[in-house]
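**Student:** Below are the structure tokens for one structure; questions will follow.
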Amino acid sequence: MRSNRAVLRAGVSMAATLPLLAGALAFGIPVAQAADGPGRDTLAGTKPTWATAKADKGATADSSQVSARVYLAGRDASGLAAYAKAVSDPESASYGKYLSATQAQNRFGATEAQVAAVTSWLKSAGLKVTGSTQHYVSVTGDVADAEKAFDTQLHNYAKGTKTYRAPSKTASAPAALDGAVLTVTGLDTAPHKATHSDTLPPPDAVFNNAGPFSSYYGSNIASTLPDAYGTKIPYAVQGYTGKQLRAAYGAGTSTGKGVRVAITDAYASPTIAYDAATYAKKHGDAKYSSGQLRQVLPSDYTKTEECGAAGWYGEETLDVEAVHAVAPGASITYVGAASCYDDDLLDSLNKIVDGHLADIVSNSWGDIEANETPDIAAAYDQVFQFGAVEGIGFYFSSGDNGDEVANTGTKQVDTPANSAWVTAVGGTSLAVGKGDKYKFETGWGTERAVLSADGAGWTDFPGAFTSGAGGGTSKTVSQPFYQKGVVPSSLAKANGTTAMRTVPDISAVADPNTGFKVGQTQTQPDGTQAYSEYRIGGTSLAAPVIAGVQALAQQTRGGKPIGFANPAIYAKYGSKAYHDVTDNPTGSGLAVARVDFVNGYDATDGLTTSVRSLGKDSSLSAVKGYDDVTGVGTPASGYVQSYRRH
């Protein structure tokens, strides 16, 4: 189960953290290994690490039901990974030699014979096949049938205060299938997966920002409030708009015309067309042309209460409006998932790849690395690799809880941003000055202190950490080739002697205190629904901003897809293509003042005044060069044009 990233108030995300799942992930596709039983190949990662002998509460009843997906490895899994790397690497002779969706499937996808063989095996074990695609075969059946099929026993295990089902040993598939099976999901039940269908709820309750505001960074100094860091500080901006973001990140005259951008989230806002059009009109963005914004949606939605469906409306709205604000000429396809669970999100990603619906895909959702099991990770990586060979790049927000210690008690990165096959987008605090002039950025990390009762100072200044850009070093994903020589060894080997994947890769504005103004239909206090605007942030904002910038860059190269961008992003490291972001760009501490409604929407219950320090991202630091808050930096005036040469 995944959560979206949108942050309305600093430090408050729109979906809860989920129960922990432990797992591991290797770069590339898992290789089938000989199992304990004769004639079997193990499916690595299908036994969760929390399924221990100590936690074992006994066998699951044979009559209990199992719903599982058997993902297909295709005809050449290692060849897929190799070609995905080759077409994405500017130093490769195969760079940019993408395949069509049909060519990719014919070359690397599962054959009809493989699908038939896997289907026959599952049926022979007594399982009922409920669906079949070129990516997986879904089945249901009794526990006894699943145990027979996967040569394991399913037991109940204590995990925290709950009990979940899981294999007592790693699942396997018949060796006679010759590696046709990539992995299986659904044998364990953490977290519980509901199966009923729901209708979408109305929008969430309204959120409004209180004033005063700055119209640009520093335009309105809080002269009556106490100093911070030895000086008067400005009020937070009301919310940047497309004009300011385009200037900050070097859009020039590019609009993204002719470039296709897709956005994935769960569910779908029922008012997105009206909201997007209204916002564009109010803020001078180009009017949407016919068909420029469209949605591809599932026939039914599930788990709407568990996933907080209404909270995802704001995520879709932010993503759509941010992409259009930065790249007003790009077409946008929103692909909604039936729920926030991995299988449904994978379906959305596969729709994009199978139909090549876009070249650039923005994804503002994720979870902590400890929640990612290797079976699901393998399924995601396969989608990303298929996308890469077609010239499709995936951009994922890096997270909004810094090093995750305050959130989970453990220092870790987020997923799928940790995948070696996606571009992880970190976050900054952005200062755009008068005349839309770029002033500076810091790494996004917020510490908050409230105004003292007598108004003479800030209580316990600078206060506690509330939120910040996700980043750090993966414990499960090896260092990809494109990070070698760029990521410092102190970061790559932060968890031991082996160099590992470090996050993020690139960054953009994310701090809610220097955030983006968004317009959305919300439920008002009297129960009516009306359009209103508010400032928002999170790496949920950074991901669509970078997607928009990539659309501008793709236009400058004549529309030729950039594809999986990381090798090209790192190849530009240290050049004028980037703002090298640090936490202390002015030589002294930085902060803004905020006044907020206590109840979130009006002054009925009073106001609260606070100071929000910038560049305080938990244990993470934005420093000169590559860092684990902002990656290689943010796009500068030379970034978009740098793609003209490739």
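Identifiers in this document derive from the order of the structure tokens: chains are assigned A, B, ..., residues are numbered from 1 separately in each chain, and ligands are numbered from 1 in order of occurrence.
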Could you write out, as a ChimeraX atom specification, all the residues of stretch 85-114 of chain A that DSSP marks as helix (DSSP H, G or I)?
**Tutor:** /A:85-88,101-108,112-114
**Student:** Give me, as number ranges by chain, all polymer residues having an atom no more than 9 Å from stretch 224-236 of chain A, counting only C-alpha atoms and skipping those fewer than 5 positions away in the same chain.
**Tutor:** A: 211-219, 451, 455-458, 461-462, 513-515, 588-595, 611-613
**Student:** How close does each residue of stretch 440-531 of chain A get to stretch 415-431 of chain A, giving the shortest atom pair and distance in Å to one decimal for every residue with an atom at most 8 Å away, counting only C-alpha atoms, sorted by chain and residue number, as CSV?
**Tutor:**
residue,atom,partner,partner_atom,distance
A:Phe440,CA,A:Ala431,CA,5.4
A:Glu441,CA,A:Leu430,CA,4.6
A:Thr442,CA,A:Ser429,CA,5.2
A:Gly443,CA,A:Thr428,CA,4.4
A:Trp444,CA,A:Thr428,CA,4.1
A:Gly445,CA,A:Thr428,CA,7.9
A:Gly468,CA,A:Gly427,CA,7.6
A:Ala469,CA,A:Gly427,CA,5.0
A:Gly470,CA,A:Gly426,CA,6.5
A:Gly471,CA,A:Gly426,CA,7.2
A:Ser474,CA,A:Asn418,CA,6.6
A:Val477,CA,A:Ser419,CA,7.0
A:Ser478,CA,A:Ala420,CA,8.0
A:Gln479,CA,A:Ala420,CA,7.7
A:Pro480,CA,A:Ala420,CA,6.0
A:Arg501,CA,A:Ala420,CA,6.9
A:Thr502,CA,A:Asn418,CA,7.5
A:Val503,CA,A:Ala424,CA,6.3
A:Pro504,CA,A:Ala424,CA,4.8
A:Asp505,CA,A:Ala424,CA,5.2
A:Ile506,CA,A:Val425,CA,5.2
A:Ser507,CA,A:Gly426,CA,4.3
A:Ala508,CA,A:Gly427,CA,5.2
A:Val509,CA,A:Thr428,CA,4.6
A:Ala510,CA,A:Gly427,CA,4.7
A:Asp511,CA,A:Ser429,CA,5.0
A:Asn513,CA,A:Ser429,CA,7.6
A:Thr514,CA,A:Ser429,CA,5.8
A:Gly515,CA,A:Leu430,CA,8.0
**Student:** Restricting the calculation to only C-alpha atoms: of A:Pro203, A:Gly126, A:Tyr240, A:Tyr279, which residue gets closest to A:Thr528?
**Tutor:**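 Using only C-alpha atoms, the shortest distance to A:Thr528 belongs to A:Pro203.
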**Student:** Tell me, as number ranges by chain, which residues lie within 9 Å of A:Gly472, counting only C-alpha atoms; anything in the same chain fewer than 5 positions away does not count.
**Tutor:** A: 402-403, 411-414, 491-492, 494, 501-504, 620, 627-629
**Student:** Put those residues in a file: C-alpha atoms, as an mmCIF file, in the first residue's frame.
**Tutor:**
data_model
loop_
_atom_site.group_PDB
_atom_site.id
_atom_site.type_symbol
_atom_site.label_atom_id
_atom_site.label_comp_id
_atom_site.auth_asym_id
_atom_site.auth_seq_id
_atom_site.Cartn_x
_atom_site.Cartn_y
_atom_site.Cartn_z
ATOM 1 C CA GLY A 402 14.011 13.489 5.553
ATOM 2 C CA ASP A 403 16.025 10.513 6.769
ATOM 3 C CA LYS A 411 17.246 5.871 8.904
ATOM 4 C CA GLN A 412 16.178 4.769 5.441
ATOM 5 C CA VAL A 413 15.204 5.906 1.953
ATOM 6 C CA ASP A 414 11.865 5.645 0.196
ATOM 7 C CA LEU A 491 27.371 8.429 1.090
ATOM 8 C CA ALA A 492 27.486 5.402 -1.199
ATOM 9 C CA ALA A 494 27.124 4.854 4.445
ATOM 10 C CA ARG A 501 22.149 3.353 -4.513
ATOM 11 C CA THR A 502 21.968 6.889 -3.121
ATOM 12 C CA VAL A 503 18.871 9.081 -3.359
ATOM 13 C CA PRO A 504 17.921 11.539 -4.842
ATOM 14 C CA LEU A 620 20.750 15.004 5.782
ATOM 15 C CA ASP A 627 24.335 15.387 -1.746
ATOM 16 C CA ASP A 628 21.527 13.236 -0.398
ATOM 17 C CA VAL A 629 19.002 16.074 -0.196
#
**Student:** Which residue gives the smallest distance to A:Leu607 among A:Ala171, A:Val450, A:Ala273, A:Val640, with only C-alpha atoms counted?
**Tutor:**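 Distance minimum relative to A:Leu607 lands on A:Val450.
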**Student:** For a quick check of understanding, using only C-alpha atoms, which of A:Ala377, A:Ala571, A:Cys307, A:Leu552 has the smallest distance to A:Gln641?
**Tutor:**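 For A:Gln641, the nearest of the given residues is A:Leu552.
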**Student:** With distances taken over only C-alpha atoms, which of A:Tyr301, A:Tyr341, A:Tyr164, A:Tyr71 is nearest to A:Val118?
**Tutor:** A:Tyr71
**Student:** Could you check how far atom CA of A:Ala248 sits from atom CA of A:Thr446, in Å to one decimal?
**Tutor:**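 We find that atom CA of A:Ala248 and atom CA of A:Thr446 lie 21.2 Å from each other.
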**Student:** At what distance in Å, to one decimal, does atom CA of A:Asn401 lie from atom CA of A:Asp347?
**Tutor:**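 Computing it gives 27.1 Å between the two atoms.
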**Student:** Neighbours of A:Ala565 within 10 Å (only C-alpha atoms; same-chain residues fewer than 2 positions away dropped), as a PyMOL selection string?
**Tutor:** chain A and resi 88-90+360+388+391-395+421-423+505+550+561-563+567-571
